[in-house]
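Enquirer: Contents of data_10.cif (mmCIF, C-alpha atoms):
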data_work
loop_
_atom_site.label_atom_id
_atom_site.label_comp_id
_atom_site.auth_asym_id
_atom_site.auth_seq_id
_atom_site.Cartn_x
_atom_site.Cartn_y
_atom_site.Cartn_z
CA MET A 2 238.99 -77.07 -35.58
CA PRO A 3 242.60 -77.45 -36.85
CA TYR A 4 243.30 -73.83 -35.86
CA LEU A 5 241.79 -74.36 -32.41
CA ALA A 6 243.85 -77.53 -32.00
CA LEU A 7 247.01 -75.64 -33.01
CA THR A 8 246.36 -72.82 -30.53
CA LEU A 9 245.83 -75.29 -27.69
CA ALA A 10 248.97 -77.21 -28.69
CA MET A 11 250.99 -73.98 -28.63
CA PHE A 12 249.69 -73.15 -25.15
CA LEU A 13 250.62 -76.61 -23.88
CA TRP A 14 254.08 -76.45 -25.43
CA SER A 15 254.61 -72.98 -23.95
CA SER A 16 253.78 -74.27 -20.48
CA ALA A 17 256.41 -76.99 -20.96
CA PHE A 18 259.20 -74.38 -20.78
CA ILE A 19 257.89 -73.21 -17.41
CA VAL A 20 257.35 -76.71 -16.02
CA LEU A 21 260.75 -78.01 -17.17
CA LYS A 22 262.50 -75.00 -15.68
CA TYR A 23 260.81 -75.88 -12.38
CA VAL A 24 261.24 -79.68 -12.26
CA PHE A 25 264.90 -79.51 -13.31
CA GLN A 26 265.54 -78.01 -9.88
CA PHE A 27 264.55 -81.34 -8.31
CA TYR A 28 265.25 -84.09 -10.85
CA HIS A 29 268.01 -84.74 -13.40
CA PRO A 30 266.93 -83.73 -16.95
CA LEU A 31 267.40 -87.25 -18.37
CA ALA A 32 265.24 -88.74 -15.61
CA VAL A 33 262.51 -86.18 -16.32
CA LEU A 34 262.57 -86.86 -20.05
CA PHE A 35 262.47 -90.63 -19.59
CA ALA A 36 259.56 -90.36 -17.15
CA ARG A 37 257.77 -88.02 -19.55
CA MET A 38 258.01 -90.51 -22.41
CA ALA A 39 257.08 -93.47 -20.22
CA ILE A 40 253.97 -91.71 -18.90
CA ALA A 41 252.82 -90.80 -22.41
CA THR A 42 253.34 -94.39 -23.58
CA LEU A 43 251.36 -95.76 -20.63
CA CYS A 44 248.52 -93.35 -21.44
CA LEU A 45 248.43 -94.65 -25.02
CA LEU A 46 248.59 -98.32 -23.99
CA PRO A 47 244.86 -98.73 -23.13
CA LEU A 48 243.91 -97.16 -26.48
CA ALA A 49 246.26 -99.52 -28.34
CA MET A 50 244.96 -102.58 -26.49
CA GLY A 51 241.38 -101.50 -27.14
CA GLY A 52 242.02 -101.28 -30.88
CA ARG A 53 241.43 -97.53 -31.02
CA ILE A 54 244.81 -96.79 -32.59
CA ALA A 55 244.70 -97.81 -36.23
CA TRP A 56 248.03 -99.21 -37.39
CA HIS A 57 248.53 -100.46 -40.93
CA TYR A 58 252.26 -100.46 -41.58
CA ARG A 59 253.30 -99.77 -45.15
CA LYS A 60 256.42 -101.51 -46.38
CA GLY A 61 259.42 -99.19 -46.66
CA ASP A 62 258.16 -96.62 -44.13
CA TRP A 63 260.44 -97.67 -41.27
CA PRO A 64 263.26 -95.20 -42.15
CA TRP A 65 260.75 -92.31 -42.11
CA LEU A 66 259.18 -93.47 -38.85
CA LEU A 67 262.63 -93.86 -37.30
CA ALA A 68 263.74 -90.44 -38.56
CA MET A 69 260.58 -88.81 -37.18
CA GLY A 70 261.14 -90.29 -33.72
CA LEU A 71 264.83 -89.37 -33.81
CA CYS A 72 264.06 -85.76 -34.71
CA GLU A 73 261.38 -85.44 -32.08
CA PRO A 74 261.33 -86.31 -29.24
CA CYS A 75 264.84 -87.81 -29.06
CA LEU A 76 267.19 -85.08 -30.29
CA TYR A 77 264.67 -82.26 -29.82
CA PHE A 78 264.19 -82.92 -26.10
CA LEU A 79 267.91 -83.48 -25.59
CA PHE A 80 268.74 -80.07 -27.06
CA GLU A 81 265.84 -78.33 -25.31
CA ALA A 82 266.58 -79.77 -21.87
CA ASN A 83 270.19 -78.60 -22.07
CA ALA A 84 269.08 -75.24 -23.44
CA LEU A 85 266.89 -74.61 -20.38
CA MET A 86 269.87 -75.26 -18.13
CA HIS A 87 271.61 -72.23 -19.66
CA THR A 88 268.91 -69.76 -20.74
CA SER A 89 265.61 -68.46 -19.38
CA ALA A 90 262.23 -69.97 -20.23
CA SER A 91 261.13 -66.78 -21.99
CA GLN A 92 264.25 -66.58 -24.18
CA ALA A 93 263.98 -70.26 -25.10
CA GLY A 94 260.34 -69.67 -26.04
CA VAL A 95 261.37 -66.76 -28.24
CA ILE A 96 263.80 -68.93 -30.24
CA THR A 97 260.86 -71.11 -31.29
CA ALA A 98 259.84 -68.29 -33.62
CA THR A 99 262.53 -69.43 -36.05
CA LEU A 100 260.54 -72.64 -36.63
CA PRO A 101 257.85 -71.26 -39.00
CA MET A 102 260.49 -69.89 -41.35
CA MET A 103 262.30 -73.24 -41.47
CA MET A 104 259.03 -75.11 -41.89
CA ALA A 105 257.86 -72.87 -44.72
CA VAL A 106 261.16 -73.21 -46.57
CA GLY A 107 261.23 -76.96 -45.95
CA ALA A 108 257.63 -77.35 -47.15
CA ALA A 109 258.47 -75.44 -50.32
CA LEU A 110 261.60 -77.53 -50.97
CA PHE A 111 260.43 -81.02 -50.00
CA LEU A 112 256.61 -80.96 -50.08
CA HIS A 113 256.25 -78.51 -53.00
CA GLU A 114 253.74 -76.42 -51.07
CA ARG A 115 253.26 -73.01 -52.68
CA GLN A 116 252.23 -70.21 -50.36
CA PRO A 117 250.65 -66.86 -51.32
CA ARG A 118 252.57 -63.67 -50.63
CA HIS A 119 250.54 -62.69 -47.56
CA VAL A 120 251.53 -65.93 -45.79
CA TRP A 121 255.23 -65.11 -46.17
CA LEU A 122 254.53 -61.51 -45.14
CA GLY A 123 252.70 -62.67 -42.02
CA ILE A 124 255.53 -65.03 -41.06
CA ALA A 125 258.08 -62.24 -41.55
CA LEU A 126 255.98 -59.84 -39.48
CA SER A 127 255.65 -62.26 -36.59
CA PHE A 128 259.36 -63.11 -36.86
CA ALA A 129 260.15 -59.40 -36.54
CA GLY A 130 258.00 -59.36 -33.42
CA VAL A 131 259.97 -62.13 -31.76
CA ILE A 132 263.29 -60.55 -32.71
CA TRP A 133 262.03 -57.46 -30.92
CA LEU A 134 260.91 -59.64 -28.04
CA SER A 135 264.35 -61.24 -27.69
CA MET A 136 266.40 -58.05 -27.61
CA ASP A 137 267.04 -58.41 -23.86
CA SER A 138 269.29 -61.46 -23.60
CA GLN A 139 271.55 -60.56 -20.68
CA ALA A 140 272.86 -63.25 -18.33
CA GLY A 141 271.07 -63.60 -15.02
CA PRO A 142 270.21 -66.07 -12.25
CA GLY A 143 267.87 -68.07 -14.49
CA ALA A 144 270.07 -67.73 -17.59
CA PRO A 145 273.78 -68.24 -16.76
CA ASP A 146 274.80 -68.59 -20.41
CA PRO A 147 271.94 -67.38 -22.67
CA LEU A 148 274.04 -67.45 -25.84
CA LEU A 149 274.78 -71.17 -25.47
CA GLY A 150 271.23 -71.92 -24.31
CA ASN A 151 269.67 -70.07 -27.21
CA ALA A 152 272.00 -71.84 -29.68
CA LEU A 153 270.93 -75.23 -28.27
CA GLU A 154 267.28 -74.20 -28.52
CA PHE A 155 267.86 -73.27 -32.17
CA CYS A 156 269.24 -76.79 -32.77
CA ALA A 157 266.04 -78.11 -31.20
CA MET A 158 264.03 -76.06 -33.71
CA ILE A 159 265.94 -77.66 -36.60
CA CYS A 160 264.92 -81.06 -35.23
CA ALA A 161 261.31 -79.87 -34.80
CA SER A 162 261.21 -78.73 -38.43
CA GLY A 163 262.34 -82.17 -39.57
CA TYR A 164 259.67 -83.80 -37.42
CA VAL A 165 256.84 -81.69 -38.87
CA LEU A 166 257.88 -82.30 -42.48
CA ILE A 167 258.17 -86.08 -41.94
CA ALA A 168 254.89 -86.20 -39.98
CA LYS A 169 253.16 -84.39 -42.85
CA ARG A 170 254.47 -87.01 -45.28
CA LEU A 171 253.34 -89.90 -43.06
CA SER A 172 249.97 -88.41 -42.02
CA VAL A 173 248.31 -89.61 -45.22
CA ARG A 174 248.95 -93.24 -44.18
CA TYR A 175 248.93 -93.19 -40.37
CA SER A 176 246.60 -91.68 -37.78
CA PRO A 177 247.81 -88.88 -35.45
CA LEU A 178 247.61 -91.26 -32.47
CA ALA A 179 249.68 -93.88 -34.29
CA LEU A 180 252.40 -91.34 -35.10
CA THR A 181 252.32 -90.02 -31.53
CA GLY A 182 252.72 -93.61 -30.30
CA VAL A 183 255.79 -94.07 -32.48
CA GLN A 184 257.27 -90.92 -30.95
CA THR A 185 256.64 -91.95 -27.36
CA LEU A 186 258.07 -95.44 -27.92
CA ALA A 187 261.15 -93.96 -29.59
CA GLY A 188 261.53 -91.55 -26.69
CA CYS A 189 261.21 -94.35 -24.13
CA ALA A 190 263.94 -96.38 -25.83
CA TRP A 191 266.22 -93.37 -26.37
CA PHE A 192 266.04 -91.88 -22.89
CA GLY A 193 265.75 -95.28 -21.20
CA LEU A 194 269.10 -96.29 -22.68
CA ALA A 195 270.50 -92.87 -21.73
CA MET A 196 269.53 -93.50 -18.11
CA LEU A 197 271.73 -96.64 -18.13
CA THR A 198 274.80 -94.58 -19.04
CA PRO A 199 277.00 -92.68 -16.54
CA TRP A 200 275.12 -89.48 -17.48
CA GLY A 201 271.81 -90.80 -16.18
CA VAL A 202 270.94 -89.98 -12.56
CA TRP A 203 267.97 -91.68 -10.91
CA PRO A 204 266.21 -89.60 -8.25
CA ASP A 205 266.94 -90.45 -4.62
CA LYS A 206 263.34 -89.72 -3.62
CA LEU A 207 260.10 -88.65 -5.28
CA LEU A 208 258.60 -85.31 -4.31
CA LEU A 209 254.85 -84.84 -4.67
CA VAL A 210 254.54 -81.49 -6.45
CA PRO A 211 257.47 -81.91 -8.91
CA SER A 212 256.26 -85.45 -9.66
CA LEU A 213 252.76 -84.18 -10.45
CA TRP A 214 254.27 -81.71 -12.91
CA VAL A 215 256.25 -84.54 -14.55
CA LEU A 216 252.93 -86.38 -14.89
CA TYR A 217 251.52 -83.27 -16.57
CA LEU A 218 254.49 -83.19 -18.95
CA GLY A 219 253.89 -86.76 -20.05
CA ALA A 220 250.10 -86.92 -20.18
CA ALA A 221 249.05 -83.41 -21.17
CA ILE A 222 251.99 -82.03 -23.15
CA THR A 223 253.73 -85.01 -24.75
CA LEU A 224 250.52 -86.87 -25.52
CA GLY A 225 248.05 -84.00 -25.86
CA ALA A 226 250.11 -81.38 -27.66
CA TYR A 227 251.75 -83.77 -30.13
CA GLY A 228 248.44 -85.46 -30.86
CA LEU A 229 246.71 -82.13 -31.50
CA TYR A 230 249.56 -80.82 -33.63
CA THR A 231 249.94 -83.95 -35.74
CA TRP A 232 246.18 -84.03 -36.34
CA ALA A 233 246.12 -80.35 -37.37
CA VAL A 234 249.14 -80.69 -39.70
CA SER A 235 247.39 -83.53 -41.51
CA ARG A 236 244.58 -81.13 -42.47
CA ILE A 237 246.22 -77.80 -43.34
CA PRO A 238 249.45 -76.78 -45.15
CA VAL A 239 252.69 -77.02 -43.16
CA ALA A 240 253.57 -73.33 -43.57
CA ARG A 241 250.21 -72.23 -42.18
CA ALA A 242 250.50 -74.59 -39.23
CA GLY A 243 254.05 -73.38 -38.64
CA ALA A 244 252.92 -69.78 -38.26
CA PHE A 245 251.15 -70.77 -35.05
CA ASN A 246 254.51 -71.57 -33.47
CA ASN A 247 255.03 -67.84 -33.14
CA LEU A 248 252.39 -67.89 -30.41
CA ILE A 249 254.78 -69.91 -28.21
CA PRO A 250 257.10 -66.99 -27.30
CA VAL A 251 254.12 -64.81 -26.43
CA PHE A 252 252.53 -67.45 -24.20
CA THR A 253 255.91 -68.38 -22.69
CA VAL A 254 256.95 -64.81 -21.84
CA ALA A 255 253.56 -64.18 -20.23
CA MET A 256 253.70 -67.37 -18.14
CA ALA A 257 257.36 -66.81 -17.20
CA TRP A 258 256.40 -63.37 -15.92
CA LEU A 259 253.45 -64.73 -13.94
CA LEU A 260 255.00 -67.93 -12.57
CA LEU A 261 258.79 -67.56 -12.64
CA ASP A 262 259.01 -63.82 -11.92
CA GLU A 263 260.94 -63.21 -15.14
CA LYS A 264 260.62 -59.54 -16.09
CA LEU A 265 258.16 -58.36 -18.70
CA GLN A 266 258.42 -54.82 -20.06
CA ALA A 267 255.74 -52.79 -21.83
CA TRP A 268 257.68 -52.96 -25.09
CA GLN A 269 257.70 -56.76 -24.82
CA GLY A 270 253.90 -56.67 -24.69
CA ALA A 271 253.90 -54.58 -27.87
CA ALA A 272 256.25 -57.07 -29.51
CA GLY A 273 253.88 -59.86 -28.54
CA ALA A 274 251.02 -58.00 -30.20
CA LEU A 275 253.12 -57.82 -33.38
CA VAL A 276 253.56 -61.60 -33.25
CA PHE A 277 249.80 -62.10 -32.99
CA ALA A 278 249.27 -59.71 -35.93
CA GLY A 279 251.69 -61.70 -38.06
CA VAL A 280 249.98 -65.00 -37.23
CA TRP A 281 246.59 -63.47 -38.08
CA LEU A 282 247.90 -62.16 -41.41
CA SER A 283 249.44 -65.50 -42.37
CA GLN A 284 246.10 -67.27 -41.77
CA ARG A 285 243.89 -64.66 -43.50
CA ARG A 286 242.09 -65.86 -46.59
CA GLN A 287 242.66 -63.97 -49.79
CA ALA A 288 239.67 -62.16 -51.22
#
Please, can you express the file's structure as structure tokens?
Expert:
Amino acid sequence: MPYLALTLAMFLWSSAFIVLKYVFQFYHPLAVLFARMAIATLCLLPLAMGGRIAWHYRKGDWPWLLAMGLCEPCLYFLFEANALMHTSASQAGVITATLPMMMAVGAALFLHERQPRHVWLGIALSFAGVIWLSMDSQAGPGAPDPLLGNALEFCAMICASGYVLIAKRLSVRYSPLALTGVQTLAGCAWFGLAMLTPWGVWPDKLLLVPSLWVLYLGAAITLGAYGLYTWAVSRIPVARAGAFNNLIPVFTVAMAWLLLDEKLQAWQGAAGALVFAGVWLSQRRQA
């Protein structure tokens, strides 16, 4: 079940690149991010009022909870939103392949998780696949400055790595829903305050289709994907969970080709197969 939850979370996160690329054509990024966090919080509110979200605060945990929310969604979404203004959805998805490496190293340094050799080999294999997948990074209509966009997406991956490591530490004391609630509340406060600054732009009118996709971002992706991922990370090692992030570029490239008309070459399909092979190898049990 943790592996199924991770696969579904990766698919949802991959779709976020496509949806954000679309809705940013109609609404200001800060407005989208604030609405996304507010929707997720409202979805959690009935569960909290019904007592279905267990919350037993442990003294001294507030710096970790604050750091987790700051890493993701606050800084992560800020970097990612700006990245998608400069690079394509498929290239941004490819950059997410750097996350498993950072997570594995971070888990070894801070969580003292020891991984067998085949896990590192699988991560390296899938990383090679995404490097192959990202070879075409020329500027175009949907990617006016891919170098800057990809650099911002890499900063987002650093924030995501910090979030996973902190969530793993806190998961022994708090439920996945409780941690997800902390994230959505932090995001509401962060982006709500940002909307009160000169950089925040409220929409002049609400359009039906883009607004429905914003609803999807908040309810399905922010709430669903983070809940699934936090639950899965609480049950398997961080490095193994991180290997699943290499599915994001494959899903993203495929959806960008289908929905955004971004080009997909035969060699990119082969590179995607290499990513899948690396993920499979990293999850394979030793005899």
Enquirer: Between CA of His87 in chain A and CA of Gly150 in chain A, what is the distance in Å, rounded to a tenth?
Expert: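 Computed distance, CA of His87 in chain A to CA of Gly150 in chain A, equals 4.7 Å.
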Enquirer: Tell me, in Å to one decimal, how far CA of Gly130 in chain A is from CA of Leu275 in chain A.
Expert: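 Interatomic distance here is 5.1 Å.
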Enquirer: Per residue of range 123-236 of chain A within 9 Å of range 61-66 of chain A, note the shortest atom pair and the distance in Å to one decimal, counting only C-alpha atoms, and order the rows by chain and increasing residue number, as JSON lines.
Expert:
{"residue": "A:Ile167", "atom": "CA", "partner": "A:Trp65", "partner_atom": "CA", "distance": 6.7}
{"residue": "A:Ala168", "atom": "CA", "partner": "A:Leu66", "partner_atom": "CA", "distance": 8.5}
{"residue": "A:Arg170", "atom": "CA", "partner": "A:Trp65", "partner_atom": "CA", "distance": 8.8}
{"residue": "A:Leu171", "atom": "CA", "partner": "A:Trp65", "partner_atom": "CA", "distance": 7.8}
{"residue": "A:Leu180", "atom": "CA", "partner": "A:Leu66", "partner_atom": "CA", "distance": 8.0}
{"residue": "A:Val183", "atom": "CA", "partner": "A:Leu66", "partner_atom": "CA", "distance": 7.2}
{"residue": "A:Gln184", "atom": "CA", "partner": "A:Leu66", "partner_atom": "CA", "distance": 8.5}
Enquirer: Taking the file as shown, what set of residues would the PyMOL selection byres ((chain A and resi 200-213) around 8) give back, as a PyMOL selection string?
Expert: chain A and resi 23-24+27-29+31-32+195-199+214-217
Enquirer: Got a sec: who's within 12 Å of Leu46 in chain A, counting all atoms listed in the file, leaving out chain neighbours fewer than 5 positions off, as a list in words?
Expert: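 Skipping anything fewer than 5 positions along the chain leaves Ala39, Ile40, Ala41, Gly51, Gly52, Arg53, Ile54, Leu178, Ala179, Thr181, Gly182, Val183, Thr185, Leu186 and Leu224 of chain A.
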Enquirer: Neighbours of range 11-18 of chain A within 10 Å (only C-alpha atoms; same-chain residues fewer than 5 positions away dropped), as an MDAnalysis selection string?
Expert: chainID A and resid 5:6 23 81:82 85 89:94 97 214:215 217:218 221:223 225:227 229:230 245:257
Enquirer: Looking at A:Val95, A:Cys44, A:Leu67, A:Leu7, which one is nearest to Ala187 in chain A, with distances taken over only C-alpha atoms?
Expert: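 Smallest distance to Ala187 in chain A is found for A:Leu67.
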Enquirer: Check what the PyMOL selection byres ((chain A and resi 237) around 12) selects in the file above and give those residues as number ranges by chain.
Expert: A: 2-4, 6-7, 114, 116, 169, 172, 230-236, 238-245, 284
Enquirer: So that I can check the surroundings of Ile96 in chain A, please list as a list in words every protein, DNA and RNA residue that reaches within 9 Å of it, counting all atoms listed in the file and ignoring chain neighbours fewer than 3 positions away.
Expert: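 My list of contacting residues is Ser91, Gln92, Ala93, Thr99, Leu100, Val131, Ile132, Ser135, Asn151, Ala152, Glu154, Phe155, Met158 and Pro250 of chain A.
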Enquirer: Go through A:Ala10, A:Leu34, A:Ala105, A:Ala190 one by one, measure the shortest atom-to-atom distance of each to Pro117 in chain A using only C-alpha atoms, and give the residue with the smallest value.
Expert: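 The answer is A:Ala105, which sits nearest to Pro117 in chain A.
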Enquirer: Applied to this file, what does the PyMOL selection byres ((chain A and resi 71) around 10) return in terms of residues, put as a list in words?
Expert: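 That selection, the PyMOL selection byres ((chain A and resi 71) around 10), comes back as Trp65, Leu66, Leu67, Ala68, Met69, Gly70, Cys72, Glu73, Pro74, Cys75, Leu76, Tyr77, Cys160, Gly163, Tyr164, Gln184, Ala187, Gly188 and Trp191 of chain A.
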Enquirer: Residues within 10 Å of Gly107 in chain A, please, as JSON, numbers by chain. Count all atoms listed in the file; anything in the same chain fewer than 3 positions from it doesn't count.
Expert: {"A": [101, 102, 103, 104, 110, 111, 112, 113, 114, 162, 163, 165, 166, 239, 240]}
Enquirer: One number please: CA of Leu21 in chain A to CA of Ala36 in chain A, in Å, one decimal.
Expert: 12.4 Å
Enquirer: Edge lengths and centre in Å to one decimal, as lines of an AutoDock Vina configuration file, is what I'm after for the box along x, y and z that holds all listed atoms of range 43-62 of chain A once 8 Å is added on each side.
Expert:
center_x = 250.4
center_y = -98.0
center_z = -33.6
size_x = 34.0
size_y = 25.2
size_z = 42.0
Enquirer: Kindly indicate which residue among A:Trp258, A:Ala161, A:Phe128, A:Gly219 lies nearest to Val276 in chain A, using all atoms listed in the file for the distances.
Expert: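 Checking each of A:Trp258, A:Ala161, A:Phe128, A:Gly219 against Val276 in chain A, counting all atoms listed in the file, the winner is A:Phe128.
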Enquirer: Would you mind telling me which residue in A:Leu43, A:Ala98, A:Ala55, A:Leu122 lies nearest to Ala157 in chain A when using all atoms listed in the file?
Expert: A:Ala98
Enquirer: Rebuild range 213-223 of chain A so that it carries all heavy atoms, then output the result as a compact mmCIF listing (two decimals), keeping the file's coordinate frame.
Expert:
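Heads up, here's the output in out32.txt:
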# COMPACT_ATOMS: atom_id res chain seq x y z
N LEU A 213 254.03 -84.48 -9.79
CA LEU A 213 252.76 -84.18 -10.45
C LEU A 213 252.98 -83.38 -11.73
O LEU A 213 252.29 -83.58 -12.73
CB LEU A 213 251.83 -83.43 -9.50
CG LEU A 213 251.24 -84.24 -8.34
CD1 LEU A 213 250.43 -83.33 -7.42
CD2 LEU A 213 250.37 -85.37 -8.88
N TRP A 214 253.97 -82.49 -11.70
CA TRP A 214 254.27 -81.71 -12.91
C TRP A 214 254.91 -82.59 -13.98
O TRP A 214 254.70 -82.38 -15.18
CB TRP A 214 255.18 -80.54 -12.57
CG TRP A 214 254.45 -79.38 -11.94
CD1 TRP A 214 254.65 -78.84 -10.71
CD2 TRP A 214 253.39 -78.62 -12.54
NE1 TRP A 214 253.78 -77.80 -10.49
CE2 TRP A 214 253.00 -77.64 -11.60
CE3 TRP A 214 252.72 -78.67 -13.77
CZ2 TRP A 214 251.98 -76.72 -11.84
CZ3 TRP A 214 251.70 -77.77 -14.02
CH2 TRP A 214 251.35 -76.81 -13.07
N VAL A 215 255.70 -83.57 -13.57
CA VAL A 215 256.25 -84.54 -14.55
C VAL A 215 255.11 -85.33 -15.18
O VAL A 215 255.11 -85.61 -16.38
CB VAL A 215 257.27 -85.47 -13.88
CG1 VAL A 215 257.70 -86.57 -14.85
CG2 VAL A 215 258.49 -84.69 -13.42
N LEU A 216 254.12 -85.69 -14.38
CA LEU A 216 252.93 -86.38 -14.89
C LEU A 216 252.21 -85.50 -15.92
O LEU A 216 251.76 -85.98 -16.96
CB LEU A 216 252.00 -86.73 -13.74
CG LEU A 216 250.72 -87.50 -14.09
CD1 LEU A 216 251.05 -88.87 -14.67
CD2 LEU A 216 249.83 -87.65 -12.86
N TYR A 217 252.13 -84.22 -15.63
CA TYR A 217 251.52 -83.27 -16.57
C TYR A 217 252.32 -83.21 -17.87
O TYR A 217 251.74 -83.17 -18.96
CB TYR A 217 251.46 -81.89 -15.91
CG TYR A 217 251.10 -80.76 -16.84
CD1 TYR A 217 249.78 -80.54 -17.24
CD2 TYR A 217 252.07 -79.88 -17.32
CE1 TYR A 217 249.45 -79.49 -18.09
CE2 TYR A 217 251.76 -78.84 -18.15
CZ TYR A 217 250.44 -78.64 -18.54
OH TYR A 217 250.13 -77.59 -19.38
N LEU A 218 253.64 -83.22 -17.75
CA LEU A 218 254.49 -83.19 -18.95
C LEU A 218 254.21 -84.38 -19.86
O LEU A 218 254.11 -84.24 -21.08
CB LEU A 218 255.96 -83.19 -18.55
CG LEU A 218 256.57 -81.89 -18.03
CD1 LEU A 218 257.95 -82.15 -17.44
CD2 LEU A 218 256.65 -80.85 -19.14
N GLY A 219 254.08 -85.56 -19.25
CA GLY A 219 253.89 -86.76 -20.05
C GLY A 219 252.49 -86.90 -20.60
O GLY A 219 252.31 -87.20 -21.79
N ALA A 220 251.48 -86.68 -19.76
CA ALA A 220 250.10 -86.92 -20.18
C ALA A 220 249.51 -85.78 -20.98
O ALA A 220 248.90 -86.00 -22.04
CB ALA A 220 249.23 -87.18 -18.94
N ALA A 221 249.69 -84.54 -20.52
CA ALA A 221 249.05 -83.41 -21.17
C ALA A 221 249.86 -82.86 -22.33
O ALA A 221 249.33 -82.59 -23.40
CB ALA A 221 248.78 -82.30 -20.15
N ILE A 222 251.17 -82.69 -22.12
CA ILE A 222 251.99 -82.03 -23.15
C ILE A 222 252.47 -83.03 -24.20
O ILE A 222 252.21 -82.86 -25.39
CB ILE A 222 253.17 -81.30 -22.50
CG1 ILE A 222 252.64 -80.21 -21.56
CG2 ILE A 222 254.06 -80.68 -23.58
CD1 ILE A 222 253.71 -79.43 -20.85
N THR A 223 253.19 -84.07 -23.77
CA THR A 223 253.73 -85.01 -24.75
C THR A 223 252.61 -85.68 -25.54
O THR A 223 252.66 -85.74 -26.78
CB THR A 223 254.59 -86.07 -24.06
OG1 THR A 223 255.64 -85.40 -23.35
CG2 THR A 223 255.18 -87.02 -25.07
